[in-house]
Amino acid sequence: MAGYLIRRFGLMLVTLFGISVLVFVMLRLVPGNIADILFDAAGLIDTADKAKLEHDLGIDQPIVIQYAHWVNGLAHGDLGYSYVSEKPALQEIAPRIPITAKLAGLALAFSVVFGVPLGVISAVKQNSAIDYVLRVISLSGLSMPAFWLGLLILMAFVAWFGEIPIYTDPPVGFWNTLWLYSVPAAAVGFRSSALVMRLTRSSMLEVLRQDYIRTARAKGASLRSVNYHHALRNALLPVVTVIGIEAAFLMGGLIVTETVFNIPGVARFLVEAIRWRDYPIVQNLVMFIAVVAVGMNFLIDVLYAVLDPRIRYSG
Amino acid sequence: MKAGLSALAAAAMAVASIAAAHAADQPKHGGIVRFYHRETPPSLSILEEATFSVNAPAMAFFNNLIVYDQHKPQNSMDTIVPELATSWSWDKANTALTFKLRQGVTWHDGKPFTAKDVKCTMDLLLDKNPNDKLRKNPRKGWFEEISDVTTNGDFEVTMHLKRPQPSLLAMFASGYTPMYPCHVPSAQQRTHPIGTGPFMFQSEQQNESIKLVKNPHYWKKGLPYLDGIEYTIIKSRATAVLAFVAGKVDVTFPTEMTKALEDDIKKQDPKAICELAPINVNTNLIINRDKPPFNNAELRSAMNMALDRKAFIDLILQGQGDAGGSLLPAPEGVWGMPPDMLKTIPGYGDVAKDREQARAIMTKLGYSKDKPLKIKVSTRNLATYRDPAVVLIDQLKTIWIDAELDPVESSAWFAKVARGDYAVGLNLTGNGIDDPDQAFYENYGCGSQRNYTHYCNRDLQKLFDQQSQETDLAKRKKLVWEIDKKIQEDVARPILFHARTGTCWKPYVKNLTIMTNSAYNGYRYEDLWLDK
């Protein structure tokens, strides 16, 4: 088990290094830099002033030196300064992480709480009326664009309650926070739970057709025991993978939801930073998301090993 | 007796209703007005920026020497009022402009405002400050005629000009020309501005909000009425409109509403007050006159004659726009050519006739329906640019120009245009003030950074100088019309339309005036109040 974990951890570090290089290079391959954008906003290009700004920011240096500066800074806990706000990057990034984490956590909880049980029910009651209804709901969850669903929810709130559940100020207190995040989380969770539900259903159906399930039934095990003790545990393996991937995605992929519900989270900030070519923000934020994604994968690998001992021995 | 009592009751009621109405008109102190902001501004330093995304929140931090009256919608020389200057005067030769300064004014950090601060600000703008430099200086050209700035004691400052320029006052009155303190580095003004204005900087969070708090020591006693102003940054316009309808914000971002959005708002919130007005931003066609075959004046002329400006206005703006020259047309614009004059310019009259003439030119140049001229129309990849570009492509087809849309990544647009790396393009040009000096020198002056088509007519340049020095307003106007007509005839940068856009606010927001010939000058908000 220890060898397995060390191997996985090593792989995680290599992946992170690769991502750091990729992000750094790709960002600089995109046309334009912060100086272009700042001068573009003023509708003019003053070559001398622009060159001075590039020099001041150090973006006129060779890419290797820029990369070395960044990595050296990271090693010393210095993430640099945002080109736009001119504040330390850490000070800009840090407050947005809990915002997105709360939203992602709630959305994930929504998707697991609804997705897994409904997927099991749908599989156990295959081809029944309830299965059809659940399949239609899950399909609609997958096919509805997030921005459309989000706007629809906002419009409904305004029309029916004269209220709009968007973020304008940081919420105060537990209930306020829950209220503010639960609506967008439900919008995101609807899609996520549909995905989890469909996967749980197909995974369950596959497991329910296995010989050992038939054997368990033949031995006289109760339906409940077969479904929930024998089948569900094995059916959950791919579901855990998807939940892990979904968790990592939610940390950086909620651009549309954050925009529609005006939540100042990580994803919206990242898109803005890309628009401004705010390298210190983009690089560090992408690295943070990468660490979350790679970390989640590592966690899934560990969970896999716990759930299925065969993996530890063969992996 | 009964009649007497009735008369008394009626009189009492009348007095009560007048008193109530009067009370309703009496400004109330307190409250925070909430705007939505369309984006995180590039910085809060007005002197360094050229977008009203900055002016809207930042103008309230500052004061100018003089300013356009904040409650007269049309900015003109007649609406300029004193602010940090108590008076101004020209010398006999009209080459020295002296401002007497207000005493007892302090910066937000408590330091006194003096003539030294004015000199520092002007040195920044003229790029002559040995200790400080603006990161960007987009309006350096506005003050090119100022050769020197001298102070006389703490409360008098004189601008010495190379030649007379009466419209210099317009530049000083613009929201773009606030005074900066000498003791605060210009870099700090980007993130934590210090001014003398009615509101002080409280906080700014990228993508979240900009908060302003009342300046308790504002030099205008009793002002501002509000305790603060909050701008919530809402990137999604659909969300912003819903937030306004639901009462999360009191005012929409200035000039951000289209006719369709305004109609939608009025349907959902009939009490909302909405105003559509021009913002002095025109959409124009830029043709690279250095690049064959567009170095042929006849071809450029044919392209201009293919334009149907009314179709642009109807299709893109649901009729909410105006055809005009480079200066905003009347009634909102002060300097725009009269319609009769406009009609005499090729491309502004009978569209069918003009297009026929354009086709004759194209035939002469060797093009036909079967042998069209294939081009690319480059434009910024934003809806406000792309949509008219598509209509333009359609209109160019009528004279056998087969154009393809070339959407350019927004950040690369001006760099591309400045390099001359385009053949035909569609661009938007905003004018900070409604004044010919700004419009002519900036957009059509030989060698100007913003003269994207590199149009240069030395004879016209002399006329630019002539109108700029003319002190007789009527004479200047006539000259300006002649120049504008010539610019349009030369197809320097054909103006497709001047758009009208809207702002909506809740009825309890009082004293909000929308400027009708500039979107850059009306955000001081010192006497805005809430009737709540």
# chains A, B, ... in the order shown; residues from 1 in each chain; ligands from 1
>>> residues_around(residues="region 489-506 of chain B", least_positions_apart="6", cutoff="8 Å", atoms="only C-alpha atoms", output="JSON, numbers by chain")
{"B": [250, 251, 252, 253, 254, 255, 256, 257, 258, 259, 262, 271, 272, 273, 274, 275, 276, 277, 278, 279, 280, 281, 282, 283, 284, 285, 286, 287, 300, 301, 304, 307, 309, 312, 313, 317, 320, 321, 322, 323, 324, 325, 326, 328, 345, 346, 444, 453, 455, 514]}
>>> residues_around(residues="Glu246 (chain A)", least_positions_apart="3", cutoff="12 Å", atoms="only C-alpha atoms", output="MDAnalysis selection string")
chainID A and resid 104:105 107:109 111:112 188:189 191:196 239:243 249:254 292:293 296:297 300
>>> closest_residue(among="B:Phe244, B:Tyr218, B:Trp481, B:Tyr68", to="Met337 (chain B)", atoms="only C-alpha atoms")
B:Trp481
>>> residues_around(residues="Val183 (chain A)", least_positions_apart="5", cutoff="10 Å", atoms="only C-alpha atoms", output="MDAnalysis selection string")
chainID A and resid 103 106:107 150 153:154 165:166 178 188:189 261
>>> write_last_selection(atoms="C-alpha atoms", output="compact mmCIF listing (two decimals), in the first residue's frame")
# COMPACT_ATOMS: atom_id res chain seq x y z
CA LEU A 103 -20.56 26.85 -3.73
CA LEU A 106 -23.00 22.62 -1.65
CA ALA A 107 -23.37 21.71 -5.32
CA GLY A 150 -29.48 30.13 -14.01
CA ILE A 153 -34.18 30.71 -11.89
CA LEU A 154 -33.34 34.40 -11.44
CA PRO A 165 -30.64 35.65 -5.12
CA ILE A 166 -27.40 37.13 -6.38
CA LEU A 178 -26.78 29.04 3.05
CA VAL A 188 -25.13 23.53 -10.62
CA GLY A 189 -26.08 20.49 -8.58
CA PHE A 261 -25.36 34.68 -10.01
>>> residues_around(residues="Val391 (chain B)", least_positions_apart="5", cutoff="9 Å", atoms="only C-alpha atoms", output="PyMOL selection string")
chain B and resi 311-312+315-316+386+396
>>> write_last_selection(atoms="C-alpha atoms", output="compact mmCIF listing (two decimals), in the first residue's frame")
# COMPACT_ATOMS: atom_id res chain seq x y z
CA ALA B 311 -30.48 50.84 -42.29
CA PHE B 312 -27.65 50.67 -39.74
CA LEU B 315 -31.21 47.30 -37.70
CA ILE B 316 -28.67 47.77 -34.94
CA ARG B 386 -19.34 42.83 -34.86
CA LEU B 396 -20.77 46.48 -49.54
>>> decode(residues="region 60-111 of chain B", atoms="C-alpha atoms", output="PDB file, in the first residue's frame")
ATOM      1  CA  ALA B  60     -16.809  61.648  -7.396  1.00  0.00           C
ATOM      2  CA  PHE B  61     -13.361  61.400  -5.763  1.00  0.00           C
ATOM      3  CA  PHE B  62     -12.169  64.540  -7.451  1.00  0.00           C
ATOM      4  CA  ASN B  63     -12.820  68.108  -8.482  1.00  0.00           C
ATOM      5  CA  ASN B  64     -11.709  69.987 -11.569  1.00  0.00           C
ATOM      6  CA  LEU B  65     -10.681  73.601 -11.776  1.00  0.00           C
ATOM      7  CA  ILE B  66     -13.860  74.154 -13.755  1.00  0.00           C
ATOM      8  CA  VAL B  67     -16.538  71.671 -14.671  1.00  0.00           C
ATOM      9  CA  TYR B  68     -19.597  71.267 -16.842  1.00  0.00           C
ATOM     10  CA  ASP B  69     -22.718  72.099 -14.873  1.00  0.00           C
ATOM     11  CA  GLN B  70     -23.772  68.681 -13.605  1.00  0.00           C
ATOM     12  CA  HIS B  71     -27.452  69.408 -14.158  1.00  0.00           C
ATOM     13  CA  LYS B  72     -27.339  70.762 -17.698  1.00  0.00           C
ATOM     14  CA  PRO B  73     -27.552  67.758 -20.013  1.00  0.00           C
ATOM     15  CA  GLN B  74     -25.850  69.461 -22.927  1.00  0.00           C
ATOM     16  CA  ASN B  75     -22.195  70.338 -22.261  1.00  0.00           C
ATOM     17  CA  SER B  76     -21.130  73.555 -23.927  1.00  0.00           C
ATOM     18  CA  MET B  77     -18.974  76.596 -23.241  1.00  0.00           C
ATOM     19  CA  ASP B  78     -22.047  78.193 -21.684  1.00  0.00           C
ATOM     20  CA  THR B  79     -22.486  75.454 -19.116  1.00  0.00           C
ATOM     21  CA  ILE B  80     -18.989  75.602 -17.636  1.00  0.00           C
ATOM     22  CA  VAL B  81     -19.021  76.538 -13.948  1.00  0.00           C
ATOM     23  CA  PRO B  82     -16.231  77.129 -11.419  1.00  0.00           C
ATOM     24  CA  GLU B  83     -15.152  74.333  -9.133  1.00  0.00           C
ATOM     25  CA  LEU B  84     -11.687  74.449  -7.535  1.00  0.00           C
ATOM     26  CA  ALA B  85     -11.147  77.691  -9.418  1.00  0.00           C
ATOM     27  CA  THR B  86     -13.376  80.544  -8.336  1.00  0.00           C
ATOM     28  CA  SER B  87     -12.890  82.415 -11.600  1.00  0.00           C
ATOM     29  CA  TRP B  88     -10.837  82.383 -14.776  1.00  0.00           C
ATOM     30  CA  SER B  89      -9.714  85.000 -17.257  1.00  0.00           C
ATOM     31  CA  TRP B  90      -7.804  85.272 -20.511  1.00  0.00           C
ATOM     32  CA  ASP B  91      -5.172  87.866 -21.223  1.00  0.00           C
ATOM     33  CA  LYS B  92      -5.633  90.229 -24.150  1.00  0.00           C
ATOM     34  CA  ALA B  93      -3.741  88.010 -26.586  1.00  0.00           C
ATOM     35  CA  ASN B  94      -5.761  84.974 -25.467  1.00  0.00           C
ATOM     36  CA  THR B  95      -2.569  83.092 -24.755  1.00  0.00           C
ATOM     37  CA  ALA B  96      -2.601  83.134 -20.965  1.00  0.00           C
ATOM     38  CA  LEU B  97      -5.427  81.587 -18.979  1.00  0.00           C
ATOM     39  CA  THR B  98      -5.410  82.485 -15.305  1.00  0.00           C
ATOM     40  CA  PHE B  99      -7.393  80.629 -12.661  1.00  0.00           C
ATOM     41  CA  LYS B 100      -8.026  82.079  -9.218  1.00  0.00           C
ATOM     42  CA  LEU B 101      -8.220  79.168  -6.832  1.00  0.00           C
ATOM     43  CA  ARG B 102     -10.589  78.405  -4.006  1.00  0.00           C
ATOM     44  CA  GLN B 103      -9.155  78.675  -0.520  1.00  0.00           C
ATOM     45  CA  GLY B 104      -9.809  76.347   2.382  1.00  0.00           C
ATOM     46  CA  VAL B 105     -10.094  73.208   0.253  1.00  0.00           C
ATOM     47  CA  THR B 106      -8.405  70.095   1.598  1.00  0.00           C
ATOM     48  CA  TRP B 107      -7.506  66.752   0.075  1.00  0.00           C
ATOM     49  CA  HIS B 108      -9.071  63.623   1.506  1.00  0.00           C
ATOM     50  CA  ASP B 109      -5.965  63.096   3.628  1.00  0.00           C
ATOM     51  CA  GLY B 110      -6.329  66.545   5.183  1.00  0.00           C
ATOM     52  CA  LYS B 111      -3.549  68.353   3.324  1.00  0.00           C
TER      53      LYS B 111
END
